[in-house]
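Just below is one structure, and these are the notes that go with it.
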Amino acid sequence: MSKPVLSYFDLNGRADPIRFMLYYNGVDFEDNRIPREKWIEEKKSGKFPFEQVPILQIDGKTLSQSHSILRYLGAKYDQYPNDGDRLYEVCWWLDCIRDIVQKLTTTVRGDDEEAKNKAREEFLATTVPKYASKWESNFVSNNRKERGYLVGDSITVADFVVLSFLANVALSPALKDKYHATFLTHAPELLKWAETKIEHYSEVFFNEERRPS
């Protein structure tokens with residue numbers, strides 16, 4: 001059987017938690033990083049549903065949509081719960097990250113610098129406090145620091161997604177000056193937990209060899 005192939009750009013982005021899950025579970029896979037200049041040609045090949053990335057070719061299937069891929073892998077590796085309460089909690093974290101990423105993209109896309117600066121100000125003044133404070137409340141009230149994971153007593157899709165997001169934004173060396181202080185103000189315990197976890201998984205995933213710089 002051929003090994004799985006994950007196709008995305010040479011970026012972290014939406015593929016980051018998928019790569020994290022694959023490496024964590026010891027999957028021997030091909031990390032196909034498509035150069036931007038080749039994307040127009042590649043997406044016309046017919047192998048990309050919706051002409052979008054990421055896609056994951058695995059188990060004889062071509063999977064698309066990043067959160068659908070994550071849920072598939074979670075079910076495959078017993079990291080996506082099937083009982084109502086824990087399933088809700090995992091989906092809550094996934095939806096929160098999806099929402100805040102959509103807000104974040106408005107700060108970097110487009111050519112209108114004034115609009116991007118305004119979006120960035122709103123993101124820091126309104127969006128981060130709104131979401132991060134809710135995350136912190138969930139994290140602290142459910143005693144997650146002591147339990148070690150965001151949902152239940154073992155790693156789930158939620159951990160992969162949240163750790164990847166925080167590594168790419170609040171704890172990213174490139175963006176830390178912009179976002180770290182605001183996240184730290186509104187989610188100090190969550191952020192300290194994330195720093196510890198990212199260090200813990202540095203050999204598995206959070207290193208220059210396995211992640212785009």
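Residue names in the structure tokens use chain letters A, B, ... in the order shown, residue numbers from 1 in each chain, and ligand numbers from 1 in the order shown.
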Please build the interface table for region 103-139 of chain A against region 185-205 of chain A with a cut-off of 10 Å, listing for each qualifying residue the nearest atom pair and the distance in Å to one decimal; count only C-alpha atoms, order rows by chain and increasing number, and write it as CSV.
residue,atom,partner,partner_atom,distance
A:Val128,CA,A:His186,CA,7.9
A:Pro129,CA,A:His186,CA,5.9
A:Lys130,CA,A:His186,CA,8.7
A:Tyr131,CA,A:His186,CA,8.7
A:Ala132,CA,A:Ala187,CA,5.4
A:Ser133,CA,A:His186,CA,5.1
A:Lys134,CA,A:Ala187,CA,8.4
A:Trp135,CA,A:Ala187,CA,6.9
A:Glu136,CA,A:Ala187,CA,4.8
A:Ser137,CA,A:Ala187,CA,8.2
A:Asn138,CA,A:Leu190,CA,9.4
A:Phe139,CA,A:Leu190,CA,6.5
Export of the given selection (C-alpha atoms) as a compact mmCIF listing (two decimals), in the first residue's frame:
# COMPACT_ATOMS: atom_id res chain seq x y z
CA VAL A 128 -8.72 38.24 20.75
CA PRO A 129 -10.21 39.38 24.09
CA LYS A 130 -13.59 37.88 23.14
CA TYR A 131 -12.26 34.45 22.21
CA ALA A 132 -9.21 34.14 24.45
CA SER A 133 -11.18 34.98 27.61
CA LYS A 134 -13.72 32.26 26.80
CA TRP A 135 -10.92 29.78 26.14
CA GLU A 136 -9.27 30.67 29.43
CA SER A 137 -12.53 30.22 31.33
CA ASN A 138 -13.07 26.80 29.76
CA PHE A 139 -9.46 25.79 30.40
List the spatial neighbours of region 168-175 of chain A as an MDAnalysis selection string - criterion: any atom at most 9 Å away, only C-alpha atoms, same-chain residues fewer than 5 positions off excluded. chainID A and resid 12:13 16 163 180:184 191 194:195
Nearest to Asp95 (chain A), restricted to only C-alpha atoms and choosing among A:Trp39, A:Phe50, A:Glu121, A:His67, comes out as A:His67
Pick the closest to Asn82 (chain A) from A:Glu209, A:Thr156, A:Gln52, A:Asp177: which is it, counting only C-alpha atoms?
->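 For Asn82 (chain A), the nearest of the candidates is A:Thr156.
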- Task: Name the residues of region 37-195 of chain A that come out as alpha helix (DSSP H) in a backbone DSSP run; write them as JSON, numbers by chain.
- Result: {"A": [39, 40, 41, 42, 43, 66, 67, 68, 69, 70, 71, 72, 73, 74, 75, 76, 84, 85, 86, 87, 88, 89, 90, 91, 92, 93, 94, 95, 96, 97, 98, 99, 100, 101, 102, 103, 104, 105, 113, 114, 115, 116, 117, 118, 119, 120, 121, 122, 128, 129, 130, 131, 132, 133, 134, 135, 136, 137, 138, 139, 140, 141, 144, 145, 146, 147, 157, 158, 159, 160, 161, 162, 163, 164, 165, 166, 167, 168, 176, 177, 178, 179, 180, 181, 182, 183, 184, 185, 186, 188, 189, 190, 191, 192, 193, 194, 195]}
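Across the structure, CA of Gln57 (chain A) and CA of Val5 (chain A) are spaced 5.1 Å apart.
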#### Entry: Residues within 7 Å of Ala158 (chain A), only C-alpha atoms, excluding chain neighbours under 4 positions, as a list in words
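Within the cut-off, the hits are Val90, Trp93, Leu94, Leu150 and Val162 of chain A.
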For the selection you just gave me, I'd like the residues written to a file as a PDB file, in the first residue's frame, keeping N, CA and C atoms.
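Result went into out_37.pdb, see below:
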ATOM      1  N   VAL A  90     -14.808  19.000  21.879  1.00  0.00           N
ATOM      2  CA  VAL A  90     -13.837  19.013  20.779  1.00  0.00           C
ATOM      3  C   VAL A  90     -14.327  19.932  19.661  1.00  0.00           C
ATOM      4  N   TRP A  93     -13.939  23.694  20.447  1.00  0.00           N
ATOM      5  CA  TRP A  93     -12.597  24.210  20.217  1.00  0.00           C
ATOM      6  C   TRP A  93     -12.325  24.370  18.719  1.00  0.00           C
ATOM      7  N   LEU A  94     -12.712  23.384  17.921  1.00  0.00           N
ATOM      8  CA  LEU A  94     -12.477  23.466  16.478  1.00  0.00           C
ATOM      9  C   LEU A  94     -13.202  24.667  15.865  1.00  0.00           C
ATOM     10  N   LEU A 150      -7.060  19.310  26.531  1.00  0.00           N
ATOM     11  CA  LEU A 150      -8.197  20.220  26.442  1.00  0.00           C
ATOM     12  C   LEU A 150      -9.537  19.522  26.629  1.00  0.00           C
ATOM     13  N   VAL A 162      -5.565  23.542  18.510  1.00  0.00           N
ATOM     14  CA  VAL A 162      -5.296  24.706  19.350  1.00  0.00           C
ATOM     15  C   VAL A 162      -3.794  24.946  19.491  1.00  0.00           C
TER      16      VAL A 162
END
Separating CA of Glu42 (chain A) from CA of Val161 (chain A), to the nearest tenth of an Å, is a gap of 26.9 Å
Query - Residue neighbourhood Lys61 (chain A), 12 Å, only C-alpha atoms, exclusion window fewer than 2 positions, as JSON, numbers by chain - result: {"A": [2, 3, 4, 5, 6, 47, 48, 49, 55, 56, 57, 58, 59, 63, 64, 69, 72]}
Practice prompt. List every residue of region 26-187 of chain A that DSSP, applied to the backbone, labels as strand (DSSP E or B), and write the result as a PyMOL selection string.
Written response: chain A and resi 30-34+55-58+61-64
Go ahead and dump the residues you just picked, C-alpha atoms, as a tab-separated table (two decimals), in the first residue's frame.
chain	number	residue	atom	x	y	z
A	30	GLU	CA	4.78	12.34	2.03
A	31	ASP	CA	4.62	16.03	2.90
A	32	ASN	CA	4.00	17.43	-0.59
A	33	ARG	CA	4.65	21.18	-0.36
A	34	ILE	CA	3.47	22.82	-3.56
A	55	ILE	CA	-5.87	17.34	0.54
A	56	LEU	CA	-4.84	14.05	2.08
A	57	GLN	CA	-4.58	10.91	-0.04
A	58	ILE	CA	-4.93	8.01	2.38
A	61	LYS	CA	-9.29	8.00	-0.75
A	62	THR	CA	-8.67	11.66	-1.50
A	63	LEU	CA	-9.83	13.71	1.47
A	64	SER	CA	-10.47	17.45	1.33
- Query: Between A:Lys145, A:Arg120, A:Val157, A:Tyr8, which has the minimum distance to Trp92 (chain A) (counting only C-alpha atoms)?
  - Reply: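 The closest residue to Trp92 (chain A) is A:Val157.
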Discussion item. Measuring between only C-alpha atoms, which one of A:Glu208, A:Glu51, A:Phe20, A:Asp99 shows the shortest distance to Ser164 (chain A)?
Written reply: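 Among A:Glu208, A:Glu51, A:Phe20, A:Asp99, it is A:Phe20 that comes nearest to Ser164 (chain A).
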Select, from A:Ala115, A:Val53, A:Ile155, A:Cys91, the residue with the minimum atom-to-atom distance to Met21 (chain A), counting only C-alpha atoms.
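Closest residue, counting only C-alpha atoms: A:Ile155.
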